[in-house]
Amino acid sequence: MVLFRSTLILFAIALLPVNGLAGICDGELAVTQVYSSARPGPLDPAYRAYYVKRFGIQVHAETDTTLAYLSKSNLNENLQSAFSQRPLLILNHPIDVAQAESFLDQNPEATVVVFRSGISTQSIFSELRDERILEVTHFDPSEFSPENAPAESAYLVFGAPTKIARLLEAKQEGSQFFGLELSKSYVKFFETFPNQVLSRQFWAPHPSQPVLDDPFKIAPGFRDRDLKKTLDLGSGQPAVQTPANLGHAGATLEQATAEVRSWYKNQYGIKKANQPKSFSVHFAQGASSALGQVFAGLRPGSKVAIPSPSYYVYHTLARAQGLQIALYDPLELANQGPTAVFSQETDLKMILTNFPHNPTGKLLTQTLANELQSFAARGTWVVNDLSYPVLAYDGKKVRSILHGAKSLKNLIEVLGASKDLGLPEERISAVVGDPILISRLQDYGQGETLEISKRRLGAMTERLKMLNPTEQEKLKKEFQSRRDQIVQAFLEVGWPKSKMTVPEGGMNIVLEVPESMSPNELTTELWQRAGIYVSPGYFLDSNFRSKRRFVRVTFSETAERIGNLRNLLRQSGFRYPNP
């Protein structure tokens, strides 16, 4: 009876439109996709080996067989996004194997997901071998000794490469990495998990094509590079030194909320920050997850303005909710203002901004903030992705979209922690602003917020406390030094200053590609000749490809390593091509 009832419910899910569940309807919020897990990387072979050691089950595959999630809500949303248009059955182990087989016989294109209660319980694959099955293990570190267990609870999905590839495809552009340190701790655990190795085989080699475009495929050898010899100026994650024990003391939701309020009051001068009725705080599992919740608050078909170029997850999240996208140039917005830029747009429901902007590095001015706030006062949501809350250069400062607003109605800001706060492993962000909009996020995100551990809340709380004015000046000086060294190095090889966007904030430099080359060709030449990796601009935004040809150069490496850029370029003989 349980199996039959679940089947009916999930067949109903299969009838939902392509764009997912509806947005706000009668005051309710529904979300189809939130992005907060990653490609498994080193975890994949370790978890595969665990299945051999624990159950004697082997999966031979050229592609991934494992995905890791930090919350069950994220996993469930990704499952529905990936498989809801075909029969999807979710069960808890132990299951009635005969009923599951009957369901699969009747539904050849179905997917069955089986949740195991713990890592030591029996695998469904020992009873029923079928490539249409995914198995989920909830691993709770508190069940194991601290010397072997990872520091964070996680949901690990294991299955045939075709099913894992479909999960990746449904969320590929918005995926966030699982976290290197957390991955290492899981790898260590599974490599030392005691069990007898058996000899049974499961599944043949699967030559499926990778779902994700490999950003390094145009730079042969980059993935297997010698890290000491490669200067990576393409990574979006900066090298920021933070204490290793951040968060060990933990923090409650109330403590973390109080610290975010204090940060907004002291850092950005938001007088309403200590007024709960005017200023709300909501925590999410990373900025992408937070933005996914915000986007889901709009009805399908609503029009949202997105900067171009921009972080590509914006487009993915908007498409996932069936929203109309109106692209705008962030440089034009900064120079001309929103009234001029959006003069031809009608029925605009949301303006998404990103200051300091990735990749142009433009900062939010108070004049621009005031004009955007006037749009919010007239009913348009204005949402700022504040990924770089500290980094501004040449005596300038980072402003909040909330500063100076008479009312925070329809204003939201996402405070990211993975960049200059240096907490990429923690998968945490804070959403602040309009209490009415944020109450909708809290109604939806309650389960996700509860899954954010006290350790992760503590890490963000302690990091915000640590960044006093003196520490902020040190951080800005460090990153400005990185910026200036890169600019000088490219000027010395003949790059015209007019073909270079030097950032006011953030951590990216935009180089316009010479007419004689494509972005791919420039990327390849820098890598092959000098051992330098940069990102072709369309990795950020394919929609912008025809308008401006560029590569993004990040100053994510340390100043010491970037100091070698001039020598690498000089020794390679690379010069800016003559017209």
# chains A, B, ... in the order shown; residues from 1 in each chain; ligands from 1
>>> residues_around(residues="segment 449-458 of chain A", least_positions_apart="5", cutoff="8 Å", atoms="only C-alpha atoms", output="PyMOL selection string")
chain A and resi 70-71+152+246-253+256+283-285+426-428
>>> write_last_selection(atoms="C-alpha atoms", output="PDB file, in the first residue's frame")
ATOM      1  CA  LEU A  70      25.026  18.752   2.736  1.00  0.00           C
ATOM      2  CA  SER A  71      21.258  18.730   3.188  1.00  0.00           C
ATOM      3  CA  GLU A 152      29.910  17.329   8.905  1.00  0.00           C
ATOM      4  CA  LEU A 246      36.939  28.584  12.945  1.00  0.00           C
ATOM      5  CA  GLY A 247      33.561  27.410  14.159  1.00  0.00           C
ATOM      6  CA  HIS A 248      34.803  24.782  16.581  1.00  0.00           C
ATOM      7  CA  ALA A 249      33.048  26.596  19.413  1.00  0.00           C
ATOM      8  CA  GLY A 250      29.818  26.634  17.405  1.00  0.00           C
ATOM      9  CA  ALA A 251      27.070  29.237  17.373  1.00  0.00           C
ATOM     10  CA  THR A 252      23.309  29.193  17.675  1.00  0.00           C
ATOM     11  CA  LEU A 253      21.032  30.629  15.016  1.00  0.00           C
ATOM     12  CA  ALA A 256      24.765  34.146  14.142  1.00  0.00           C
ATOM     13  CA  PHE A 283      20.661  31.661   6.482  1.00  0.00           C
ATOM     14  CA  ALA A 284      21.050  29.433   3.443  1.00  0.00           C
ATOM     15  CA  GLN A 285      23.555  26.862   2.238  1.00  0.00           C
ATOM     16  CA  GLU A 426      31.191  26.019   4.973  1.00  0.00           C
ATOM     17  CA  ARG A 427      28.469  26.462   2.331  1.00  0.00           C
ATOM     18  CA  ILE A 428      26.736  29.269   4.178  1.00  0.00           C
TER      19      ILE A 428
END
>>> closest_atom_pairs(of="segment 393-452 of chain A", to="segment 298-302 of chain A", cutoff="12 Å", atoms="only C-alpha atoms", output="CSV")
residue,atom,partner,partner_atom,distance
A:Leu437,CA,A:Leu298,CA,10.8
A:Arg440,CA,A:Leu298,CA,11.3
A:Leu441,CA,A:Leu298,CA,11.8
>>> write_last_selection(atoms="C-alpha atoms", output="PDB file, in the first residue's frame")
ATOM      1  CA  LEU A 437      10.149  38.654   1.437  1.00  0.00           C
ATOM      2  CA  ARG A 440       8.704  33.606   2.661  1.00  0.00           C
ATOM      3  CA  LEU A 441      12.241  32.277   2.393  1.00  0.00           C
TER       4      LEU A 441
END
>>> residues_around(residues="Ala258 of chain A", least_positions_apart="6", cutoff="10 Å", atoms="only C-alpha atoms", output="list of chain:residue names")
A:Thr252, A:Ala273, A:Asn274, A:Val281, A:Thr461
>>> residues_around(residues="Arg575 of chain A", least_positions_apart="2", cutoff="10 Å", atoms="only C-alpha atoms", output="count of residues only")
12
>>> residues_around(residues="Ser429 of chain A", least_positions_apart="2", cutoff="9 Å", atoms="only C-alpha atoms", output="PyMOL selection string")
chain A and resi 282-290+414-418+427+431+460
>>> residues_around(residues="segment 336-338 of chain A", least_positions_apart="4", cutoff="8 Å", atoms="only C-alpha atoms", output="MDAnalysis selection string")
chainID A and resid 332 342:343 368 371:372
>>> residues_around(residues="segment 379-387 of chain A", least_positions_apart="2", cutoff="8 Å", atoms="only C-alpha atoms", output="list in words")
Ala287, Leu348, Lys349, Met350, Ile351, Leu352, Thr353, Asn354, Phe355, Pro356, Leu372, Gln373, Phe375, Ala376, Ala377, Pro389, Ser400, Ile401, Asn410, Leu411, Ile412, Glu413, Val414, Leu415, Gly416, Ala417, Ser418, Lys419 and Asp420 of chain A
>>> atom_distance(atom1="atom CA of Glu504 of chain A", atom2="atom CA of Asp394 of chain A")
7.4 Å
>>> select_by_dssp(residues="segment 228-453 of chain A", states="strand (DSSP E)", output="PyMOL selection string")
chain A and resi 231-232+280-284+303-307+324-328+348-353+381-386+411-416+429-433
>>> closest_residue(among="A:Lys477, A:Lys271, A:Arg86, A:Lys188", to="Gly395 of chain A", atoms="only C-alpha atoms")
A:Lys477
>>> closest_residue(among="A:Gln99, A:Ser235, A:Asn266, A:Ser185", to="Leu43 of chain A", atoms="only C-alpha atoms")
A:Ser185
>>> atom_distance(atom1="atom CA of Ala170 of chain A", atom2="atom CA of His315 of chain A")
13.3 Å
>>> select_by_dssp(residues="segment 203-346 of chain A", states="helix (DSSP H, G or I)", output="ChimeraX atom specification")
/A:253-268,271-274,287-295,313-320,330-336,338-341
